[in-house]
file my_file-v1.cif (mmCIF, C-alpha atoms and all ligand atoms)
data_query
loop_
_atom_site.group_PDB
_atom_site.id
_atom_site.type_symbol
_atom_site.label_atom_id
_atom_site.label_comp_id
_atom_site.auth_asym_id
_atom_site.auth_seq_id
_atom_site.Cartn_x
_atom_site.Cartn_y
_atom_site.Cartn_z
ATOM 1 C CA MET A 1 144.359 64.775 -119.312
ATOM 2 C CA ALA A 2 146.407 63.211 -116.501
ATOM 3 C CA ALA A 3 146.380 65.376 -113.380
ATOM 4 C CA ALA A 4 149.677 67.138 -112.639
ATOM 5 C CA ARG A 5 152.144 65.623 -110.168
ATOM 6 C CA GLN A 6 153.287 69.040 -109.069
ATOM 7 C CA VAL A 7 151.414 72.206 -108.092
ATOM 8 C CA THR A 8 152.391 75.741 -107.098
ATOM 9 C CA ILE A 9 151.046 77.485 -104.048
ATOM 10 C CA ARG A 10 150.792 81.278 -104.043
ATOM 11 C CA GLU A 11 150.663 82.425 -100.432
ATOM 12 C CA VAL A 12 148.207 85.291 -99.834
ATOM 13 C CA ALA A 13 148.031 85.601 -96.024
ATOM 14 C CA LEU A 14 150.080 88.783 -95.916
ATOM 15 C CA ARG A 15 147.638 90.610 -98.193
ATOM 16 C CA ASP A 16 144.267 88.906 -98.490
ATOM 17 C CA GLY A 17 144.524 87.499 -94.990
ATOM 18 C CA LEU A 18 145.790 90.472 -93.031
ATOM 19 C CA GLN A 19 143.551 93.032 -94.723
ATOM 20 C CA SER A 20 140.583 91.629 -92.821
ATOM 21 C CA GLU A 21 142.323 91.756 -89.435
ATOM 22 C CA ARG A 22 141.184 94.485 -87.097
ATOM 23 C CA GLU A 23 144.505 95.214 -85.398
ATOM 24 C CA PHE A 24 147.386 96.584 -87.490
ATOM 25 C CA VAL A 25 150.239 94.095 -87.624
ATOM 26 C CA PRO A 26 153.559 95.970 -87.363
ATOM 27 C CA THR A 27 155.960 95.655 -90.321
ATOM 28 C CA GLU A 28 158.505 93.886 -88.122
ATOM 29 C CA LYS A 29 156.037 91.100 -87.383
ATOM 30 C CA LYS A 30 154.974 90.781 -91.009
ATOM 31 C CA LEU A 31 158.660 90.335 -91.893
ATOM 32 C CA ALA A 32 158.944 87.572 -89.290
ATOM 33 C CA VAL A 33 155.988 85.708 -90.841
ATOM 34 C CA ILE A 34 157.457 86.119 -94.343
ATOM 35 C CA ASP A 35 160.747 84.742 -93.057
ATOM 36 C CA ALA A 36 158.987 81.711 -91.533
ATOM 37 C CA LEU A 37 157.128 81.136 -94.825
ATOM 38 C CA SER A 38 160.380 81.382 -96.747
ATOM 39 C CA GLN A 39 161.944 78.778 -94.462
ATOM 40 C CA ALA A 40 158.975 76.495 -95.201
ATOM 41 C CA GLY A 41 159.769 76.785 -98.905
ATOM 42 C CA ILE A 42 157.189 79.342 -100.086
ATOM 43 C CA GLN A 43 158.378 80.697 -103.437
ATOM 44 C CA CYS A 44 155.578 82.996 -104.464
ATOM 45 C CA MET A 45 153.583 85.338 -102.304
ATOM 46 C CA GLU A 46 151.133 88.212 -102.546
ATOM 47 C CA THR A 47 153.094 90.310 -100.104
ATOM 48 C CA THR A 48 150.997 93.467 -99.834
ATOM 49 C CA SER A 49 148.859 95.884 -101.824
ATOM 50 C CA PHE A 50 149.359 99.501 -102.830
ATOM 51 C CA VAL A 51 145.859 100.622 -101.937
ATOM 52 C CA SER A 52 144.663 103.708 -100.129
ATOM 53 C CA PRO A 53 145.689 103.476 -96.455
ATOM 54 C CA ARG A 54 142.254 104.880 -95.614
ATOM 55 C CA ALA A 55 140.544 102.015 -97.452
ATOM 56 C CA ILE A 56 142.761 99.303 -95.980
ATOM 57 C CA PRO A 57 144.795 100.604 -93.001
ATOM 58 C CA GLN A 58 146.284 97.155 -92.411
ATOM 59 C CA LEU A 59 148.388 97.522 -95.598
ATOM 60 C CA GLN A 60 149.495 101.120 -95.011
ATOM 61 C CA ASP A 61 153.126 99.991 -94.645
ATOM 62 C CA ALA A 62 153.308 98.539 -98.190
ATOM 63 C CA ALA A 63 156.289 100.682 -99.271
ATOM 64 C CA GLU A 64 158.193 100.103 -96.036
ATOM 65 C CA LEU A 65 157.509 96.370 -96.134
ATOM 66 C CA MET A 66 158.772 96.119 -99.714
ATOM 67 C CA SER A 67 161.904 98.095 -98.860
ATOM 68 C CA ARG A 68 162.768 95.811 -95.950
ATOM 69 C CA VAL A 69 161.715 92.376 -97.153
ATOM 70 C CA ALA A 70 164.479 89.906 -98.115
ATOM 71 C CA ARG A 71 164.752 89.472 -101.882
ATOM 72 C CA GLY A 72 165.814 86.490 -103.885
ATOM 73 C CA ASN A 73 164.044 83.501 -102.337
ATOM 74 C CA ILE A 74 160.453 84.560 -102.893
ATOM 75 C CA ILE A 75 158.698 86.182 -105.842
ATOM 76 C CA HIS A 76 156.988 89.137 -104.216
ATOM 77 C CA GLU A 77 153.744 90.032 -105.949
ATOM 78 C CA VAL A 78 151.649 93.027 -104.966
ATOM 79 C CA LEU A 79 148.040 93.797 -105.737
ATOM 80 C CA VAL A 80 147.263 97.208 -107.230
ATOM 81 C CA PRO A 81 143.835 98.752 -107.795
ATOM 82 C CA ASN A 82 144.834 101.567 -110.156
ATOM 83 C CA LEU A 83 147.577 103.587 -111.853
ATOM 84 C CA LYS A 84 148.675 105.266 -108.628
ATOM 85 C CA GLY A 85 149.140 101.858 -107.015
ATOM 86 C CA ALA A 86 151.081 100.605 -110.044
ATOM 87 C CA GLN A 87 153.417 103.603 -109.903
ATOM 88 C CA LYS A 88 154.147 102.910 -106.239
ATOM 89 C CA ALA A 89 154.709 99.229 -106.990
ATOM 90 C CA ILE A 90 157.242 100.110 -109.709
ATOM 91 C CA VAL A 91 159.107 102.462 -107.366
ATOM 92 C CA SER A 92 159.165 99.693 -104.754
ATOM 93 C CA ASN A 93 160.779 97.358 -107.255
ATOM 94 C CA VAL A 94 158.248 94.557 -106.794
ATOM 95 C CA ASP A 95 158.745 91.304 -108.694
ATOM 96 C CA ARG A 96 155.269 91.167 -110.149
ATOM 97 C CA VAL A 97 152.035 93.118 -110.039
ATOM 98 C CA VAL A 98 148.554 91.652 -109.829
ATOM 99 C CA VAL A 99 145.639 93.754 -111.044
ATOM 100 C CA PHE A 100 142.058 92.944 -110.262
ATOM 101 C CA ILE A 101 138.535 93.576 -111.424
ATOM 102 C CA SER A 102 135.186 91.998 -110.582
ATOM 103 C CA ALA A 103 133.228 89.922 -113.087
ATOM 104 C CA SER A 104 129.976 91.495 -111.851
ATOM 105 C CA GLU A 105 129.014 95.177 -112.146
ATOM 106 C CA ALA A 106 127.531 95.315 -108.654
ATOM 107 C CA HIS A 107 130.629 93.879 -106.985
ATOM 108 C CA ASN A 108 132.962 96.111 -108.981
ATOM 109 C CA GLN A 109 130.949 99.152 -107.850
ATOM 110 C CA ALA A 110 131.118 98.012 -104.223
ATOM 111 C CA ASN A 111 134.806 97.127 -104.412
ATOM 112 C CA VAL A 112 136.356 99.983 -106.392
ATOM 113 C CA GLY A 113 133.438 102.374 -106.936
ATOM 114 C CA CYS A 114 133.159 102.266 -110.724
ATOM 115 C CA SER A 115 131.755 100.252 -113.621
ATOM 116 C CA ILE A 116 133.592 97.330 -115.215
ATOM 117 C CA GLY A 117 134.013 99.414 -118.388
ATOM 118 C CA ASP A 118 135.703 102.251 -116.469
ATOM 119 C CA SER A 119 137.864 99.787 -114.530
ATOM 120 C CA LEU A 120 138.987 98.092 -117.743
ATOM 121 C CA ALA A 121 139.975 101.436 -119.245
ATOM 122 C CA ASP A 122 142.057 102.184 -116.123
ATOM 123 C CA LEU A 123 143.623 98.734 -116.120
ATOM 124 C CA GLN A 124 144.672 99.037 -119.744
ATOM 125 C CA THR A 125 146.717 102.086 -118.698
ATOM 126 C CA VAL A 126 148.107 100.141 -115.738
ATOM 127 C CA TYR A 127 149.209 97.242 -117.958
ATOM 128 C CA SER A 128 150.866 99.565 -120.433
ATOM 129 C CA LEU A 129 152.797 101.359 -117.669
ATOM 130 C CA LEU A 130 153.960 98.024 -116.257
ATOM 131 C CA LYS A 131 155.039 96.847 -119.693
ATOM 132 C CA GLN A 132 157.025 100.044 -120.152
ATOM 133 C CA HIS A 133 158.865 99.291 -116.907
ATOM 134 C CA GLN A 134 159.172 95.573 -117.707
ATOM 135 C CA VAL A 135 157.283 94.527 -114.609
ATOM 136 C CA PRO A 136 155.419 91.249 -115.180
ATOM 137 C CA ALA A 137 151.711 91.422 -114.474
ATOM 138 C CA ALA A 138 148.974 88.941 -113.707
ATOM 139 C CA GLY A 139 145.246 89.555 -113.527
ATOM 140 C CA ILE A 140 142.718 88.337 -111.006
ATOM 141 C CA ILE A 141 139.001 88.261 -111.714
ATOM 142 C CA ALA A 142 136.946 88.580 -108.514
ATOM 143 C CA VAL A 143 133.523 86.931 -108.085
ATOM 144 C CA SER A 144 134.124 84.754 -111.169
ATOM 145 C CA PHE A 145 131.803 82.060 -109.847
ATOM 146 C CA GLY A 146 128.977 84.082 -108.329
ATOM 147 C CA CYS A 147 128.318 87.516 -106.889
ATOM 148 C CA PRO A 148 126.716 88.174 -103.491
ATOM 149 C CA TYR A 149 124.794 91.133 -104.988
ATOM 150 C CA GLN A 150 124.020 89.956 -108.483
ATOM 151 C CA GLY A 151 123.906 86.155 -108.164
ATOM 152 C CA ARG A 152 125.091 84.124 -111.132
ATOM 153 C CA VAL A 153 128.018 85.295 -113.212
ATOM 154 C CA GLN A 154 128.129 84.407 -116.895
ATOM 155 C CA LYS A 155 131.111 82.444 -118.218
ATOM 156 C CA THR A 156 131.231 84.812 -121.173
ATOM 157 C CA ASP A 157 131.710 87.799 -118.829
ATOM 158 C CA VAL A 158 134.677 86.089 -117.155
ATOM 159 C CA LEU A 159 136.208 85.105 -120.502
ATOM 160 C CA LYS A 160 135.834 88.628 -121.898
ATOM 161 C CA ILE A 161 137.870 90.072 -119.019
ATOM 162 C CA ALA A 162 140.449 87.256 -119.142
ATOM 163 C CA GLN A 163 140.881 87.900 -122.861
ATOM 164 C CA ARG A 164 141.468 91.609 -122.262
ATOM 165 C CA PHE A 165 144.049 90.889 -119.561
ATOM 166 C CA VAL A 166 145.899 88.539 -121.893
ATOM 167 C CA ASP A 167 145.750 91.013 -124.796
ATOM 168 C CA TRP A 168 147.353 93.610 -122.528
ATOM 169 C CA GLY A 169 150.179 91.307 -121.489
ATOM 170 C CA ALA A 170 149.019 89.380 -118.412
ATOM 171 C CA ASP A 171 151.114 86.241 -118.105
ATOM 172 C CA ARG A 172 148.588 84.540 -115.837
ATOM 173 C CA VAL A 173 144.906 84.889 -115.025
ATOM 174 C CA MET A 174 143.472 83.917 -111.675
ATOM 175 C CA LEU A 175 139.803 83.213 -111.224
ATOM 176 C CA ALA A 176 138.551 84.099 -107.756
ATOM 177 C CA ASP A 177 135.582 82.705 -105.898
ATOM 178 C CA THR A 178 135.629 85.760 -103.661
ATOM 179 C CA THR A 179 132.670 84.834 -101.490
ATOM 180 C CA GLY A 180 132.728 81.050 -101.725
ATOM 181 C CA MET A 181 129.741 80.566 -104.028
ATOM 182 C CA ALA A 182 131.210 78.007 -106.448
ATOM 183 C CA SER A 183 130.540 74.280 -106.633
ATOM 184 C CA PRO A 184 133.003 71.694 -107.988
ATOM 185 C CA ALA A 185 130.841 71.207 -111.097
ATOM 186 C CA GLN A 186 130.869 74.918 -111.804
ATOM 187 C CA ILE A 187 134.647 75.075 -111.320
ATOM 188 C CA SER A 188 135.169 72.272 -113.870
ATOM 189 C CA GLU A 189 132.801 73.920 -116.326
ATOM 190 C CA MET A 190 134.339 77.390 -116.016
ATOM 191 C CA ILE A 191 137.927 76.140 -116.213
ATOM 192 C CA GLY A 192 137.100 73.992 -119.250
ATOM 193 C CA TYR A 193 135.396 76.927 -120.930
ATOM 194 C CA VAL A 194 138.179 79.459 -120.323
ATOM 195 C CA GLN A 195 140.913 76.942 -121.204
ATOM 196 C CA SER A 196 139.196 76.056 -124.474
ATOM 197 C CA HIS A 197 139.302 79.730 -125.512
ATOM 198 C CA LEU A 198 142.675 80.617 -124.004
ATOM 199 C CA PRO A 199 144.598 77.328 -124.152
ATOM 200 C CA ASP A 200 148.043 78.869 -123.677
ATOM 201 C CA VAL A 201 147.232 81.048 -120.675
ATOM 202 C CA PRO A 202 148.207 79.724 -117.240
ATOM 203 C CA LEU A 203 145.158 79.880 -114.985
ATOM 204 C CA GLY A 204 145.118 79.989 -111.206
ATOM 205 C CA LEU A 205 142.356 79.580 -108.638
ATOM 206 C CA HIS A 206 141.675 81.773 -105.615
ATOM 207 C CA LEU A 207 139.002 80.164 -103.471
ATOM 208 C CA HIS A 208 137.185 81.320 -100.350
ATOM 209 C CA ASN A 209 135.532 78.940 -97.952
ATOM 210 C CA ASN A 210 132.281 80.657 -96.936
ATOM 211 C CA ARG A 211 130.235 77.485 -97.347
ATOM 212 C CA GLY A 212 132.911 74.910 -96.601
ATOM 213 C CA VAL A 213 133.127 73.847 -100.255
ATOM 214 C CA ALA A 214 136.496 75.405 -101.119
ATOM 215 C CA MET A 215 138.630 72.268 -100.716
ATOM 216 C CA ALA A 216 136.278 70.322 -103.008
ATOM 217 C CA ASN A 217 136.458 73.230 -105.469
ATOM 218 C CA LEU A 218 140.232 73.220 -105.314
ATOM 219 C CA TYR A 219 140.282 69.495 -106.041
ATOM 220 C CA ALA A 220 137.893 69.976 -108.974
ATOM 221 C CA GLY A 221 140.218 72.689 -110.285
ATOM 222 C CA TYR A 222 143.204 70.372 -109.919
ATOM 223 C CA LEU A 223 141.431 67.623 -111.865
ATOM 224 C CA ALA A 224 140.545 70.187 -114.544
ATOM 225 C CA GLY A 225 144.247 70.915 -115.023
ATOM 226 C CA ILE A 226 144.905 73.877 -112.727
ATOM 227 C CA THR A 227 148.325 73.795 -111.106
ATOM 228 C CA GLN A 228 148.420 77.131 -109.312
ATOM 229 C CA PHE A 229 146.384 77.798 -106.216
ATOM 230 C CA ASP A 230 146.158 80.775 -103.874
ATOM 231 C CA THR A 231 146.081 79.774 -100.228
ATOM 232 C CA SER A 232 146.517 81.635 -96.977
ATOM 233 C CA LEU A 233 148.573 80.626 -93.960
ATOM 234 C CA GLY A 234 146.210 79.611 -91.167
ATOM 235 C CA GLY A 235 143.248 80.151 -93.516
ATOM 236 C CA ILE A 236 142.954 83.831 -92.603
ATOM 237 C CA GLY A 237 141.216 86.240 -94.948
ATOM 238 C CA GLY A 238 137.903 87.513 -96.141
ATOM 239 C CA CYS A 239 136.649 90.447 -98.123
ATOM 240 C CA PRO A 240 136.273 93.852 -96.476
ATOM 241 C CA ASN A 241 133.242 94.654 -98.631
ATOM 242 C CA VAL A 242 131.391 91.419 -98.033
ATOM 243 C CA PRO A 243 129.911 90.909 -94.594
ATOM 244 C CA LEU A 244 130.893 87.591 -92.988
ATOM 245 C CA ALA A 245 133.136 86.648 -95.913
ATOM 246 C CA ALA A 246 135.091 83.625 -94.767
ATOM 247 C CA GLY A 247 138.766 83.041 -95.178
ATOM 248 C CA ASN A 248 140.875 81.400 -97.807
ATOM 249 C CA LEU A 249 141.852 77.763 -97.709
ATOM 250 C CA ALA A 250 144.686 77.280 -95.240
ATOM 251 C CA THR A 251 148.047 76.755 -96.943
ATOM 252 C CA GLU A 252 148.970 73.997 -94.512
ATOM 253 C CA ASP A 253 145.676 72.106 -95.118
ATOM 254 C CA VAL A 254 146.075 72.271 -98.900
ATOM 255 C CA VAL A 255 149.713 71.192 -98.689
ATOM 256 C CA PHE A 256 148.703 68.294 -96.431
ATOM 257 C CA MET A 257 146.130 67.128 -98.994
ATOM 258 C CA PHE A 258 148.402 67.384 -102.025
ATOM 259 C CA GLU A 259 151.405 65.789 -100.363
ATOM 260 C CA GLU A 260 149.270 62.893 -99.077
ATOM 261 C CA MET A 261 148.107 62.409 -102.686
ATOM 262 C CA GLY A 262 151.717 62.291 -103.872
ATOM 263 C CA VAL A 263 151.416 65.674 -105.579
ATOM 264 C CA ALA A 264 154.525 67.747 -104.887
ATOM 265 C CA THR A 265 154.125 71.270 -103.512
ATOM 266 C CA GLY A 266 157.793 71.884 -102.723
ATOM 267 C CA LEU A 267 156.720 72.973 -99.238
ATOM 268 C CA ASP A 268 157.611 71.718 -95.799
ATOM 269 C CA LEU A 269 154.465 71.019 -93.762
ATOM 270 C CA PRO A 270 156.065 71.192 -90.283
ATOM 271 C CA GLY A 271 157.655 74.492 -91.340
ATOM 272 C CA LEU A 272 154.271 75.832 -92.475
ATOM 273 C CA ILE A 273 152.724 74.779 -89.182
ATOM 274 C CA ARG A 274 155.470 76.622 -87.315
ATOM 275 C CA ALA A 275 154.724 79.690 -89.446
ATOM 276 C CA ALA A 276 151.004 79.344 -88.665
ATOM 277 C CA GLN A 277 151.791 79.122 -84.940
ATOM 278 C CA LEU A 278 153.797 82.324 -85.191
ATOM 279 C CA LEU A 279 150.953 84.042 -87.049
ATOM 280 C CA GLU A 280 148.448 82.863 -84.451
ATOM 281 C CA LYS A 281 150.624 84.301 -81.691
ATOM 282 C CA ILE A 282 150.880 87.627 -83.511
ATOM 283 C CA LEU A 283 147.143 87.883 -84.260
ATOM 284 C CA GLN A 284 146.180 86.679 -80.788
ATOM 285 C CA HIS A 285 143.187 84.704 -81.925
ATOM 286 C CA PRO A 286 142.684 81.146 -83.180
ATOM 287 C CA LEU A 287 143.146 80.714 -86.937
ATOM 288 C CA PRO A 288 140.618 78.843 -89.075
ATOM 289 C CA GLY A 289 143.163 76.373 -90.532
ATOM 290 C CA ARG A 290 142.469 72.773 -89.503
ATOM 291 C CA SER A 291 145.950 71.231 -89.443
ATOM 292 C CA PRO A 292 146.958 70.700 -85.808
ATOM 293 C CA THR A 293 149.289 73.475 -84.753
ATOM 294 C CA GLY A 294 149.789 72.153 -81.237
ATOM 295 C CA SER A 295 148.431 75.341 -79.682
HETATM 296 ZN ZN ZN B 1 140.515 86.636 -101.582
#
call {"tool": "encode", "arguments": {"input": "my_file-v1.cif", "output": "structure tokens"}}
result
Amino acid sequence: MAAARQVTIREVALRDGLQSEREFVPTEKKLAVIDALSQAGIQCMETTSFVSPRAIPQLQDAAELMSRVARGNIIHEVLVPNLKGAQKAIVSNVDRVVVFISASEAHNQANVGCSIGDSLADLQTVYSLLKQHQVPAAGIIAVSFGCPYQGRVQKTDVLKIAQRFVDWGADRVMLADTTGMASPAQISEMIGYVQSHLPDVPLGLHLHNNRGVAMANLYAGYLAGITQFDTSLGGIGGCPNVPLAAGNLATEDVVFMFEEMGVATGLDLPGLIRAAQLLEKILQHPLPGRSPTGS
């Protein structure tokens, strides 16, 4: 298969990135970052999450953010952990919902406090509610490439969950390397395996950079036929339940790589760097992204 000449970037800094930040970022400032991202051409974003404000105080303004954010230029996706979150997302008129589950029992327990079986039962209800309200839904499978508690994750376990998501109406499945445990060989193998069983389902990759291997993993995913990648402005992010979890790949670094390869992202690199500079100013600490921001 010839590698694609065009890829889609799903920006996750506002959710996956900010949720690991200690200081609450006021809604006004989040809106300014979203505006800068929009000016740089971002078309799809995980804008926030309807989770318990006690669990993730950084995202406590989800409803307010969704009521104030400009609509039309960007597809605003929100992450929901359960039915309550999905109901709030529907009321907030989000463009798309993303539901998540872990591929390992131990991580699912740590992340949402229940077994994979119980989570799947809940998510089936979530999907059916979303369908009823005609809200498109995608699914993300955390720790698809390795679990910090359990170690290896079986391909069959990932496929089983992906299959369920698709049966319930997910229009896309994202495989997440939540704690940066994957290798390029494993990425190729997993993608090939899932694609061979679910050939018509668009797959995305969500990669963390704990061991510095994420860019190589992203490239392996690209060669395996993936055209949608989650990245985070400035490379911010982590996982609140995993100590020392490193950030996502920086949007600007990934865009640099693809554009230099002649693969279109539809994004404006100087505009992304300006957005990263703004984010750095707001967060008041250096960001892990490598592209020179001039600061
Ligand atoms: Zn993540």
call {"tool": "closest_residue", "arguments": {"input": "my_file-v1.cif", "among": "A:Gln284, A:Ser232, A:Gln134, A:Gln154", "to": "A:Leu37", "atoms": "only C-alpha atoms"}}
result
A:Ser232
call {"tool": "atom_distance", "arguments": {"input": "my_file-v1.cif", "atom1": "atom CA of A:Val194", "atom2": "atom CA of A:Gly146"}}
result
15.8 Å
call {"tool": "closest_residue", "arguments": {"input": "my_file-v1.cif", "among": "A:Cys114, A:Leu267, A:Gly204, A:Thr48", "to": "A:Gly85", "atoms": "all atoms listed in the file"}}
result
A:Thr48
call {"tool": "closest_atom_pairs", "arguments": {"input": "my_file-v1.cif", "of": "chain A", "to": "ligand ZN 1 (chain B)", "cutoff": "9 Å", "atoms": "only C-alpha atoms and all ligand atoms", "output": "tab-separated table"}}
result
residue	atom	partner	partner_atom	distance
A:Val12	CA	B:ZN1	ZN	8.0
A:Arg15	CA	B:ZN1	ZN	8.8
A:Asp16	CA	B:ZN1	ZN	5.4
A:Gly17	CA	B:ZN1	ZN	7.8
A:Ala142	CA	B:ZN1	ZN	8.0
A:Ala176	CA	B:ZN1	ZN	7.0
A:Asp177	CA	B:ZN1	ZN	7.6
A:Thr178	CA	B:ZN1	ZN	5.4
A:Thr179	CA	B:ZN1	ZN	8.0
A:His206	CA	B:ZN1	ZN	6.4
A:Leu207	CA	B:ZN1	ZN	6.9
A:His208	CA	B:ZN1	ZN	6.4
A:Asp230	CA	B:ZN1	ZN	8.5
A:Thr231	CA	B:ZN1	ZN	8.9
A:Gly237	CA	B:ZN1	ZN	6.7
A:Gly238	CA	B:ZN1	ZN	6.1
A:Cys239	CA	B:ZN1	ZN	6.4
A:Gly247	CA	B:ZN1	ZN	7.5
A:Asn248	CA	B:ZN1	ZN	6.5
call {"tool": "resolve_selection", "arguments": {"input": "my_file-v1.cif", "expression": "the PyMOL selection byres (((chain A and resi 145) around 10) and not hetatm)", "output": "CSV table (one decimal) with C-alpha atoms, in the frame of the given file"}}
result
chain,number,residue,atom,x,y,z
A,103,ALA,CA,133.2,89.9,-113.1
A,104,SER,CA,130.0,91.5,-111.9
A,141,ILE,CA,139.0,88.3,-111.7
A,142,ALA,CA,136.9,88.6,-108.5
A,143,VAL,CA,133.5,86.9,-108.1
A,144,SER,CA,134.1,84.8,-111.2
A,146,GLY,CA,129.0,84.1,-108.3
A,147,CYS,CA,128.3,87.5,-106.9
A,151,GLY,CA,123.9,86.2,-108.2
A,152,ARG,CA,125.1,84.1,-111.1
A,153,VAL,CA,128.0,85.3,-113.2
A,154,GLN,CA,128.1,84.4,-116.9
A,155,LYS,CA,131.1,82.4,-118.2
A,158,VAL,CA,134.7,86.1,-117.2
A,175,LEU,CA,139.8,83.2,-111.2
A,176,ALA,CA,138.6,84.1,-107.8
A,177,ASP,CA,135.6,82.7,-105.9
A,178,THR,CA,135.6,85.8,-103.7
A,179,THR,CA,132.7,84.8,-101.5
A,180,GLY,CA,132.7,81.0,-101.7
A,181,MET,CA,129.7,80.6,-104.0
A,182,ALA,CA,131.2,78.0,-106.4
A,183,SER,CA,130.5,74.3,-106.6
A,186,GLN,CA,130.9,74.9,-111.8
A,187,ILE,CA,134.6,75.1,-111.3
A,190,MET,CA,134.3,77.4,-116.0
A,207,LEU,CA,139.0,80.2,-103.5
call {"tool": "atom_distance", "arguments": {"input": "my_file-v1.cif", "atom1": "atom CA of A:Gln109", "atom2": "atom CA of A:Leu233"}}
result
29.1 Å
call {"tool": "closest_residue", "arguments": {"input": "my_file-v1.cif", "among": "A:Ala13, A:Val7, A:His107, A:Trp168", "to": "A:Ala275", "atoms": "all atoms listed in the file"}}
result
A:Ala13
call {"tool": "closest_residue", "arguments": {"input": "my_file-v1.cif", "among": "A:Ala121, A:Ile34, A:Leu272, A:Ile56", "to": "A:Gln19", "atoms": "all atoms listed in the file"}}
result
A:Ile56
call {"tool": "residues_around", "arguments": {"input": "my_file-v1.cif", "residues": "A:Val78", "least_positions_apart": "3", "cutoff": "12 Å", "atoms": "all atoms listed in the file", "output": "ChimeraX atom specification"}}
result
/A:10-12,14-16,44-51,59,62-63,65-66,75,81,85-90,92-100,135-140
call {"tool": "atom_distance", "arguments": {"input": "my_file-v1.cif", "atom1": "atom CA of A:His76", "atom2": "atom CA of A:Phe258"}}
result
23.5 Å
call {"tool": "resolve_selection", "arguments": {"input": "my_file-v1.cif", "expression": "the PyMOL selection byres (((chain A and resi 58) around 9) and not hetatm)", "output": "list in words"}}
result
Arg15, Leu18, Gln19, Ser20, Glu21, Arg22, Glu23, Phe24, Val25, Pro26, Pro53, Ile56, Pro57, Leu59, Gln60 and Asp61 of chain A
call {"tool": "closest_residue", "arguments": {"input": "my_file-v1.cif", "among": "A:Gln195, A:Ser102, A:Ser52, A:Thr265", "to": "A:Phe229", "atoms": "all atoms listed in the file"}}
result
A:Thr265
call {"tool": "build_atoms", "arguments": {"input": "my_file-v1.cif", "residues": "stretch 23-27 of chain A", "atoms": "all heavy atoms", "output": "PDB file, in the frame of the given file"}}
result
ATOM      1  N   GLU A  23     143.330  94.547 -85.965  1.00  0.00           N
ATOM      2  CA  GLU A  23     144.505  95.214 -85.398  1.00  0.00           C
ATOM      3  C   GLU A  23     145.632  95.276 -86.430  1.00  0.00           C
ATOM      4  O   GLU A  23     145.942  94.265 -87.058  1.00  0.00           O
ATOM      5  CB  GLU A  23     145.021  94.446 -84.170  1.00  0.00           C
ATOM      6  CG  GLU A  23     144.018  94.309 -83.038  1.00  0.00           C
ATOM      7  CD  GLU A  23     143.715  95.639 -82.366  1.00  0.00           C
ATOM      8  OE1 GLU A  23     144.639  96.480 -82.285  1.00  0.00           O
ATOM      9  OE2 GLU A  23     142.558  95.834 -81.955  1.00  0.00           O
ATOM     10  N   PHE A  24     146.256  96.445 -86.576  1.00  0.00           N
ATOM     11  CA  PHE A  24     147.386  96.584 -87.490  1.00  0.00           C
ATOM     12  C   PHE A  24     148.536  95.690 -87.026  1.00  0.00           C
ATOM     13  O   PHE A  24     148.903  95.708 -85.846  1.00  0.00           O
ATOM     14  CB  PHE A  24     147.842  98.045 -87.549  1.00  0.00           C
ATOM     15  CG  PHE A  24     149.063  98.250 -88.399  1.00  0.00           C
ATOM     16  CD1 PHE A  24     148.981  98.163 -89.782  1.00  0.00           C
ATOM     17  CD2 PHE A  24     150.300  98.516 -87.823  1.00  0.00           C
ATOM     18  CE1 PHE A  24     150.111  98.333 -90.578  1.00  0.00           C
ATOM     19  CE2 PHE A  24     151.433  98.695 -88.612  1.00  0.00           C
ATOM     20  CZ  PHE A  24     151.327  98.604 -89.990  1.00  0.00           C
ATOM     21  N   VAL A  25     149.079  94.927 -87.947  1.00  0.00           N
ATOM     22  CA  VAL A  25     150.239  94.095 -87.624  1.00  0.00           C
ATOM     23  C   VAL A  25     151.497  94.871 -88.017  1.00  0.00           C
ATOM     24  O   VAL A  25     151.665  95.235 -89.187  1.00  0.00           O
ATOM     25  CB  VAL A  25     150.180  92.748 -88.385  1.00  0.00           C
ATOM     26  CG1 VAL A  25     151.446  91.928 -88.149  1.00  0.00           C
ATOM     27  CG2 VAL A  25     148.942  91.953 -87.972  1.00  0.00           C
ATOM     28  N   PRO A  26     152.371  95.176 -87.051  1.00  0.00           N
ATOM     29  CA  PRO A  26     153.559  95.970 -87.363  1.00  0.00           C
ATOM     30  C   PRO A  26     154.437  95.303 -88.423  1.00  0.00           C
ATOM     31  O   PRO A  26     154.496  94.069 -88.507  1.00  0.00           O
ATOM     32  CB  PRO A  26     154.299  96.047 -86.017  1.00  0.00           C
ATOM     33  CG  PRO A  26     153.297  95.682 -84.986  1.00  0.00           C
ATOM     34  CD  PRO A  26     152.292  94.793 -85.643  1.00  0.00           C
ATOM     35  N   THR A  27     155.113  96.131 -89.212  1.00  0.00           N
ATOM     36  CA  THR A  27     155.960  95.655 -90.321  1.00  0.00           C
ATOM     37  C   THR A  27     156.929  94.573 -89.855  1.00  0.00           C
ATOM     38  O   THR A  27     157.114  93.554 -90.532  1.00  0.00           O
ATOM     39  CB  THR A  27     156.749  96.849 -90.905  1.00  0.00           C
ATOM     40  OG1 THR A  27     155.836  97.932 -91.088  1.00  0.00           O
ATOM     41  CG2 THR A  27     157.389  96.493 -92.221  1.00  0.00           C
TER      42      THR A  27
END
